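Chemist: Input entry_34.txt, format and content: compact mmCIF, C-alpha atoms and all ligand atoms.
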# COMPACT_ATOMS: atom_id res chain seq x y z
CA SER I 1 -6.32 -15.75 -10.81
CA PRO I 2 -2.88 -14.69 -9.59
CA LYS I 3 -1.83 -15.21 -5.98
CA THR I 4 -0.99 -11.56 -5.49
CA ILE I 5 -2.78 -8.62 -7.06
CA ILE I 6 -0.86 -5.40 -7.55
CA ALA I 7 -3.22 -2.56 -8.46
CA PRO I 8 -1.52 0.74 -9.27
CA SER I 9 -3.76 3.74 -8.57
CA ILE I 10 -3.98 6.21 -11.43
CA LEU I 11 -4.76 8.90 -8.85
CA ALA I 12 -0.97 9.38 -8.78
CA ALA I 13 -0.65 9.35 -12.59
CA ASP I 14 -0.69 12.28 -15.02
CA PHE I 15 -4.41 12.76 -15.77
CA SER I 16 -3.60 14.47 -19.09
CA ARG I 17 -1.95 11.26 -20.36
CA LEU I 18 -4.03 8.51 -18.78
CA ALA I 19 -3.84 6.02 -21.65
CA ASP I 20 -0.03 6.30 -21.75
CA GLU I 21 0.18 6.03 -17.98
CA VAL I 22 -1.87 2.84 -18.02
CA GLY I 23 0.24 1.59 -20.94
CA ALA I 24 3.33 1.99 -18.75
CA ILE I 25 2.06 -0.71 -16.36
CA GLU I 26 0.70 -3.09 -19.00
CA GLY I 27 2.22 -6.55 -18.50
CA ALA I 28 3.26 -5.75 -14.92
CA ALA I 29 0.04 -4.74 -13.11
CA ASP I 30 -2.82 -7.13 -12.35
CA TRP I 31 -5.51 -4.46 -12.00
CA VAL I 32 -5.67 -0.71 -12.58
CA HIS I 33 -7.13 1.00 -9.50
CA VAL I 34 -9.45 3.89 -10.39
CA ASP I 35 -10.35 6.25 -7.53
CA VAL I 36 -13.72 7.91 -8.07
CA MET I 37 -14.40 10.76 -5.61
CA ASP I 38 -17.42 13.05 -5.52
CA ASN I 39 -16.51 15.81 -3.03
CA HIS I 40 -19.34 14.58 -0.81
CA PHE I 41 -18.28 11.24 0.60
CA VAL I 42 -14.71 12.56 0.65
CA PRO I 43 -13.49 16.16 0.39
CA ASN I 44 -11.86 15.64 -3.00
CA LEU I 45 -13.02 15.32 -6.60
CA THR I 46 -11.46 13.11 -9.26
CA ILE I 47 -12.91 11.36 -12.29
CA GLY I 48 -16.12 9.53 -13.09
CA LEU I 49 -17.93 7.29 -15.50
CA PRO I 50 -17.09 9.04 -18.82
CA VAL I 51 -13.36 8.76 -18.13
CA VAL I 52 -13.69 5.09 -17.16
CA GLN I 53 -15.71 4.38 -20.30
CA SER I 54 -13.04 5.99 -22.49
CA LEU I 55 -10.06 4.51 -20.67
CA ARG I 56 -11.58 1.01 -20.79
CA LYS I 57 -10.93 0.98 -24.57
CA ALA I 58 -7.26 1.93 -24.09
CA THR I 59 -6.06 -1.15 -22.18
CA THR I 60 -6.71 -4.81 -21.48
CA ILE I 61 -5.79 -4.57 -17.76
CA PRO I 62 -8.82 -5.26 -15.54
CA PHE I 63 -10.24 -2.17 -13.81
CA ASP I 64 -10.59 -2.03 -10.05
CA VAL I 65 -12.98 0.86 -9.46
CA HIS I 66 -12.98 2.35 -5.95
CA LEU I 67 -16.09 4.46 -5.45
CA MET I 68 -15.61 7.07 -2.74
CA ILE I 69 -19.06 8.51 -3.36
CA THR I 70 -22.41 8.91 -1.64
CA ASP I 71 -25.35 7.07 -3.18
CA PRO I 72 -23.31 4.22 -4.71
CA GLU I 73 -26.58 2.44 -5.61
CA ARG I 74 -27.14 5.07 -8.26
CA TRP I 75 -23.70 4.93 -9.88
CA ALA I 76 -22.02 1.60 -9.23
CA PRO I 77 -23.91 -0.47 -11.84
CA GLY I 78 -22.78 1.93 -14.59
CA TYR I 79 -19.15 1.07 -13.87
CA ALA I 80 -19.94 -2.63 -14.13
CA GLU I 81 -21.66 -1.99 -17.46
CA ALA I 82 -18.61 0.02 -18.58
CA GLY I 83 -16.56 -3.16 -18.18
CA ALA I 84 -14.99 -2.77 -14.75
CA HIS I 85 -13.71 -6.08 -13.39
CA ASN I 86 -14.30 -5.11 -9.77
CA VAL I 87 -16.50 -2.33 -8.39
CA THR I 88 -15.93 -1.39 -4.76
CA PHE I 89 -18.29 0.84 -2.81
CA HIS I 90 -17.97 2.08 0.78
CA ALA I 91 -19.78 0.42 3.67
CA GLU I 92 -20.30 3.89 5.21
CA ALA I 93 -22.19 5.07 2.12
CA CYS I 94 -24.41 2.06 1.53
CA GLU I 95 -27.62 1.03 3.31
CA ASN I 96 -27.79 -2.48 1.92
CA PRO I 97 -24.37 -3.77 0.85
CA VAL I 98 -25.63 -7.27 0.04
CA ALA I 99 -28.28 -5.92 -2.34
CA LEU I 100 -25.76 -3.72 -4.15
CA ALA I 101 -23.27 -6.57 -4.35
CA LYS I 102 -25.95 -8.73 -5.97
CA THR I 103 -26.72 -5.98 -8.47
CA LEU I 104 -23.04 -5.66 -9.37
CA ARG I 105 -22.61 -9.40 -9.79
CA ALA I 106 -25.71 -9.52 -11.99
CA ALA I 107 -24.13 -6.76 -14.11
CA GLY I 108 -21.06 -8.93 -14.62
CA ALA I 109 -18.62 -7.41 -12.12
CA LYS I 110 -17.02 -8.52 -8.91
CA ALA I 111 -18.39 -6.70 -5.89
CA GLY I 112 -16.13 -4.96 -3.40
CA LEU I 113 -16.89 -3.54 0.04
CA ALA I 114 -14.57 -0.82 1.36
CA ILE I 115 -14.02 -0.04 5.04
CA ASP I 116 -12.68 3.43 5.81
CA ARG I 117 -10.22 4.29 8.60
CA ASP I 118 -12.80 5.06 11.28
CA THR I 119 -15.08 2.09 10.58
CA SER I 120 -14.94 -1.21 12.39
CA VAL I 121 -14.96 -4.32 10.22
CA GLU I 122 -16.84 -6.41 12.77
CA PRO I 123 -20.43 -5.72 11.59
CA TYR I 124 -19.48 -6.65 8.03
CA LEU I 125 -17.84 -10.02 8.64
CA GLU I 126 -21.15 -11.82 8.20
CA LEU I 127 -21.55 -10.27 4.73
CA LEU I 128 -18.36 -11.82 3.38
CA PRO I 129 -20.11 -14.69 1.55
CA TYR I 130 -21.91 -12.10 -0.62
CA ILE I 131 -18.91 -10.06 -1.71
CA ASP I 132 -15.76 -10.72 -3.72
CA THR I 133 -13.33 -8.13 -2.39
CA VAL I 134 -12.93 -6.41 0.96
CA LEU I 135 -10.93 -3.20 0.71
CA ILE I 136 -9.40 -2.14 4.01
CA MET I 137 -8.29 1.49 3.94
CA THR I 138 -4.87 1.89 5.53
CA ILE I 139 -5.37 5.68 5.51
CA LYS I 140 -8.43 7.94 5.67
CA ALA I 141 -9.99 7.83 2.19
CA GLY I 142 -9.70 10.97 0.08
CA PHE I 143 -6.13 11.65 -0.93
CA GLY I 144 -3.06 9.86 -2.22
CA GLY I 145 0.36 10.22 -0.67
CA GLN I 146 -0.70 9.74 2.96
CA LYS I 147 1.19 7.79 5.61
CA PHE I 148 0.37 4.09 6.02
CA MET I 149 -1.44 3.25 9.29
CA PRO I 150 -0.23 -0.15 10.59
CA GLU I 151 -3.00 -0.22 13.22
CA MET I 152 -5.48 -0.85 10.36
CA LEU I 153 -3.92 -4.28 9.86
CA ASP I 154 -5.94 -5.67 12.78
CA LYS I 155 -8.94 -5.36 10.45
CA VAL I 156 -7.07 -7.29 7.76
CA ARG I 157 -6.30 -10.01 10.30
CA ASP I 158 -9.96 -10.18 11.37
CA VAL I 159 -11.17 -10.54 7.79
CA ARG I 160 -8.47 -13.09 6.94
CA ARG I 161 -9.40 -15.17 9.97
CA ARG I 162 -13.07 -15.23 8.92
CA VAL I 163 -12.27 -15.93 5.25
CA SER I 164 -10.06 -18.87 6.25
CA ALA I 165 -12.51 -20.22 8.84
CA LYS I 166 -15.38 -20.23 6.33
CA ASP I 167 -13.16 -21.15 3.37
CA LEU I 168 -14.43 -18.18 1.35
CA SER I 169 -12.87 -16.92 -1.88
CA VAL I 170 -12.69 -13.26 -0.94
CA ARG I 171 -9.83 -10.97 -1.92
CA ILE I 172 -8.48 -8.81 0.89
CA GLU I 173 -7.21 -5.54 -0.53
CA VAL I 174 -5.33 -2.76 1.23
CA ASP I 175 -5.26 0.84 0.04
CA GLY I 176 -3.21 3.75 1.28
CA GLY I 177 0.52 4.22 1.82
CA ILE I 178 1.41 0.85 0.34
CA ALA I 179 5.08 0.96 -0.68
CA ALA I 180 8.29 -1.05 -0.44
CA ASP I 181 8.55 -0.41 3.30
CA THR I 182 4.93 -1.32 4.18
CA ILE I 183 3.69 -4.00 1.77
CA ALA I 184 5.30 -6.96 3.56
CA GLN I 185 3.49 -6.25 6.85
CA ALA I 186 0.17 -5.94 5.00
CA ALA I 187 0.80 -9.27 3.27
CA GLU I 188 1.80 -10.83 6.57
CA ALA I 189 -1.51 -9.67 8.07
CA GLY I 190 -3.38 -11.48 5.30
CA ALA I 191 -3.86 -9.02 2.44
CA ASP I 192 -3.52 -10.44 -1.08
CA ALA I 193 -4.36 -7.37 -3.18
CA PHE I 194 -2.38 -4.16 -2.92
CA VAL I 195 -3.23 -0.70 -4.21
CA ALA I 196 -0.21 1.53 -4.76
CA GLY I 197 -0.40 5.05 -6.17
CA THR I 198 2.65 7.07 -5.22
CA ALA I 199 4.88 3.99 -4.93
CA VAL I 200 4.22 3.09 -8.59
CA TYR I 201 3.62 6.36 -10.41
CA GLY I 202 6.14 8.28 -8.33
CA ALA I 203 8.84 5.81 -9.43
CA ASP I 204 11.11 6.37 -12.43
CA ASP I 205 10.11 2.95 -13.78
CA PRO I 206 6.51 2.06 -12.78
CA ALA I 207 6.72 -1.51 -14.13
CA GLU I 208 9.89 -2.17 -12.16
CA ALA I 209 8.27 -0.69 -9.03
CA ILE I 210 5.39 -3.16 -9.45
CA ARG I 211 7.77 -6.12 -9.78
CA LYS I 212 9.57 -5.06 -6.59
CA LEU I 213 6.31 -4.67 -4.67
CA ARG I 214 5.16 -8.12 -5.80
CA ALA I 215 8.43 -9.72 -4.72
CA LEU I 216 8.19 -8.06 -1.28
CA ALA I 217 4.55 -9.17 -0.87
CA GLU I 218 5.38 -12.75 -1.76
CA ALA I 219 8.63 -13.02 0.20
C1 LIG B 1 -7.15 7.42 -1.57
C2 LIG B 1 -7.24 6.35 -2.61
C3 LIG B 1 -6.01 5.59 -2.85
C4 LIG B 1 -4.80 6.41 -3.24
C5 LIG B 1 -3.62 5.72 -2.65
O1 LIG B 1 -8.37 7.62 -0.94
O2 LIG B 1 -8.26 5.42 -2.30
O3 LIG B 1 -6.25 4.58 -3.82
O4 LIG B 1 -4.62 6.53 -4.62
O5 LIG B 1 -2.49 6.49 -2.87
P1 LIG B 1 -1.09 6.12 -2.21
O6 LIG B 1 -0.70 4.77 -2.70
O7 LIG B 1 -0.19 7.21 -2.69
O8 LIG B 1 -1.31 6.14 -0.73
ZN ZN B 2 -8.40 3.75 -3.73
In structure tokens, how does this file's structure come out?

Modeler:
Amino acid sequence: SPKTIIAPSILAADFSRLADEVGAIEGAADWVHVDVMDNHFVPNLTIGLPVVQSLRKATTIPFDVHLMITDPERWAPGYAEAGAHNVTFHAEACENPVALAKTLRAAGAKAGLAIDRDTSVEPYLELLPYIDTVLIMTIKAGFGGQKFMPEMLDKVRDVRRRVSAKDLSVRIEVDGGIAADTIAQAAEAGADAFVAGTAVYGADDPAEAIRKLRALAEA
């Protein structure tokens, strides 16, 4: 798998033209980041399983599904069955992250654990052997277009230290305010997967924006 993952978030795309918007990043993006919100876990509502099932047929880019929902045990396996490459659920919403990760892996997906802005990563470090991706929010989950919070990078450093010490193959993903002026510091802290909504879909040329972000992350 590639050294650096760039995962544009379709939250910043035109929802009336999703297949075209995903087509615009084909060949440039590593994953497509799909933000699922339920207006319970976060105060915003986006898209769900039917849209993911339909969109899955429109592209070959792997899907990175970010579930900002309560009761992820009920819904997460459906996204794996719909062909998502990676399904990430929130630590704050899940009673038994290891059990859900096992369920997702059994359903053929990678399992991701997300840590929101106000959550410490410390209690979850011991779970790293059971998960494939740790998503560190660099904003408060719920909306695109927010300002990057550099103080969240201490969590990235903590996870990177543990992953290196135990020689684990865990992706460390950052989400929120990732752009040309912030991606290098996130990479420096140890992130190797980068979600970018506004920075990709707000650009005139999304594919070119992805190439620039990748170059900055790998510099
Ligand atoms: C927000 C979502 C993010 C969002 C990021 O809760 O998880 O994926 O799309 O948007 P930007 O890149 O604009 O901060
Ligand atoms: Zn997200």

Chemist: Would you compute the distance between CA of Tyr201 (chain I) and CA of Ala19 (chain I)? Give it in Å to one decimal.

Modeler: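 Spanning CA of Tyr201 (chain I) to CA of Ala19 (chain I) is a straight-line distance of 13.5 Å.
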
Chemist: Could you write out as JSON the box around ligand LIG 1 (chain B) (axis-aligned, all atoms listed in the file, 8 Å on each side), with centre and edge lengths in Å to one decimal?

Modeler:
{"center_x": -4.3, "center_y": 6.1, "center_z": -2.7, "size_x": 24.2, "size_y": 19.0, "size_z": 19.9}

Chemist: Would you please work out which residue, of I:Glu81, I:Glu126, I:Asp116, I:Asp192, is nearest to ligand LIG 1 (chain B) when using all atoms listed in the file?

Modeler: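 Once distances to ligand LIG 1 (chain B) are computed over all atoms listed in the file, the minimum belongs to I:Asp116.
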
Chemist: By how many Å are CA of Gly190 (chain I) and CA of Val156 (chain I) apart?

Modeler: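 CA of Val156 (chain I) lies 6.1 Å from CA of Gly190 (chain I).
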
Chemist: Taking only C-alpha atoms and all ligand atoms and a cut-off of 10 Å, can you tell me which residues surround ligand ZN 2 (chain B), written as a PyMOL selection string?

Modeler: chain I and resi 7-11+33-37+64-68+88+114+135-137+139+141-144+173-176+194-197

Chemist: Generate a file of the selected residues that holds C-alpha atoms, formatted as a compact mmCIF listing (two decimals), in the coordinates of the input.

Modeler:
# COMPACT_ATOMS: atom_id res chain seq x y z
CA ALA I 7 -3.22 -2.56 -8.46
CA PRO I 8 -1.52 0.74 -9.27
CA SER I 9 -3.76 3.74 -8.57
CA ILE I 10 -3.98 6.21 -11.43
CA LEU I 11 -4.76 8.90 -8.85
CA HIS I 33 -7.13 1.00 -9.50
CA VAL I 34 -9.45 3.89 -10.39
CA ASP I 35 -10.35 6.25 -7.53
CA VAL I 36 -13.72 7.91 -8.07
CA MET I 37 -14.40 10.76 -5.61
CA ASP I 64 -10.59 -2.03 -10.05
CA VAL I 65 -12.98 0.86 -9.46
CA HIS I 66 -12.98 2.35 -5.95
CA LEU I 67 -16.09 4.46 -5.45
CA MET I 68 -15.61 7.07 -2.74
CA THR I 88 -15.93 -1.39 -4.76
CA ALA I 114 -14.57 -0.82 1.36
CA LEU I 135 -10.93 -3.20 0.71
CA ILE I 136 -9.40 -2.14 4.01
CA MET I 137 -8.29 1.49 3.94
CA ILE I 139 -5.37 5.68 5.51
CA ALA I 141 -9.99 7.83 2.19
CA GLY I 142 -9.70 10.97 0.08
CA PHE I 143 -6.13 11.65 -0.93
CA GLY I 144 -3.06 9.86 -2.22
CA GLU I 173 -7.21 -5.54 -0.53
CA VAL I 174 -5.33 -2.76 1.23
CA ASP I 175 -5.26 0.84 0.04
CA GLY I 176 -3.21 3.75 1.28
CA PHE I 194 -2.38 -4.16 -2.92
CA VAL I 195 -3.23 -0.70 -4.21
CA ALA I 196 -0.21 1.53 -4.76
CA GLY I 197 -0.40 5.05 -6.17

Chemist: Skipping near chain neighbours, those fewer than 3 positions away, what residues fall within 6 Å of Gln53 (chain I) using all atoms listed in the file, listed as a ChimeraX atom specification?

Modeler: /I:50,56,82

Chemist: Kindly save the residues from that selection, with C-alpha atoms included, as a CSV table (one decimal), keeping the file's coordinate frame.

Modeler:
chain,number,residue,atom,x,y,z
I,50,PRO,CA,-17.1,9.0,-18.8
I,56,ARG,CA,-11.6,1.0,-20.8
I,82,ALA,CA,-18.6,0.0,-18.6

Chemist: For Ile69 (chain I), which residue out of I:Pro43, I:Gly177, I:Gly83, I:Gly202 is the nearest one, using only C-alpha atoms?

Modeler: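 Nearest candidate to Ile69 (chain I) out of I:Pro43, I:Gly177, I:Gly83, I:Gly202: I:Pro43.
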
Chemist: Just give me the gap between CA of Ala199 (chain I) and CA of Ala186 (chain I) in Å, one decimal is fine.

Modeler: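 For CA of Ala199 (chain I) relative to CA of Ala186 (chain I), the distance reads 14.8 Å.
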
Chemist: Within 7 Å of (-16.5, 4.8, 4.9) (file coordinates; all atoms listed in the file), which protein or nucleic acid residues are there? I'd like them as an MDAnalysis selection string.

Modeler: chainID I and resid 90:93 114:116 119

Chemist: Which residue out of I:Leu18, I:Val42, I:Asp71, I:Asn96 has the minimum interatomic distance to Thr59 (chain I) when all atoms listed in the file are used?

Modeler: I:Leu18

Chemist: Hey, can you pull every residue with an atom no more than 8 Å from (-20.6, -1.1, -13.6), using all atoms listed in the file, and send it as a list in words?

Modeler: Trp75, Ala76, Pro77, Gly78, Tyr79, Ala80, Glu81, Ala82, Gly83, Ala84, Val87, Leu104, Ala107, Gly108 and Ala109 of chain I

Chemist: My list of candidates is I:Lys57, I:Lys212, I:Arg74, I:Lys140. Which is closest to ligand LIG 1 (chain B) when distances are computed with all atoms listed in the file?

Modeler: I:Lys140

Chemist: As an MDAnalysis selection string, please: the residues near Ala217 (chain I) (cut-off 6 Å, all atoms listed in the file, same-chain neighbours under 5 positions excluded).

Modeler: chainID I and resid 183:184 187

Chemist: Which residue is closest to Val200 (chain I)? Choose from I:Ala111, I:Ile178, I:Leu125, I:Ala215 and count only C-alpha atoms.

Modeler: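 Nearest to Val200 (chain I): I:Ile178.
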
Chemist: Please list as a PDB file with C-alpha atoms, keeping the file's coordinate frame every residue within 10 Å of Val159 (chain I), counting all atoms listed in the file and excluding residues in the same chain fewer than 6 positions away.

Modeler:
ATOM      1  CA  VAL I 121     -14.960  -4.320  10.220  1.00  0.00           C
ATOM      2  CA  GLU I 122     -16.840  -6.410  12.770  1.00  0.00           C
ATOM      3  CA  TYR I 124     -19.480  -6.650   8.030  1.00  0.00           C
ATOM      4  CA  LEU I 125     -17.840 -10.020   8.640  1.00  0.00           C
ATOM      5  CA  LEU I 128     -18.360 -11.820   3.380  1.00  0.00           C
ATOM      6  CA  VAL I 134     -12.930  -6.410   0.960  1.00  0.00           C
ATOM      7  CA  ILE I 136      -9.400  -2.140   4.010  1.00  0.00           C
ATOM      8  CA  LEU I 153      -3.920  -4.280   9.860  1.00  0.00           C
ATOM      9  CA  ALA I 165     -12.510 -20.220   8.840  1.00  0.00           C
ATOM     10  CA  VAL I 170     -12.690 -13.260  -0.940  1.00  0.00           C
ATOM     11  CA  ARG I 171      -9.830 -10.970  -1.920  1.00  0.00           C
ATOM     12  CA  ILE I 172      -8.480  -8.810   0.890  1.00  0.00           C
ATOM     13  CA  ALA I 189      -1.510  -9.670   8.070  1.00  0.00           C
ATOM     14  CA  GLY I 190      -3.380 -11.480   5.300  1.00  0.00           C
ATOM     15  CA  ALA I 191      -3.860  -9.020   2.440  1.00  0.00           C
TER      16      ALA I 191
END

Chemist: Which is closer to ligand LIG 1 (chain B) than all the others in I:Arg105, I:Arg211, I:Lys147, I:His40, using only C-alpha atoms and all ligand atoms?

Modeler: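 So, comparing all the options, the nearest one is I:Lys147.
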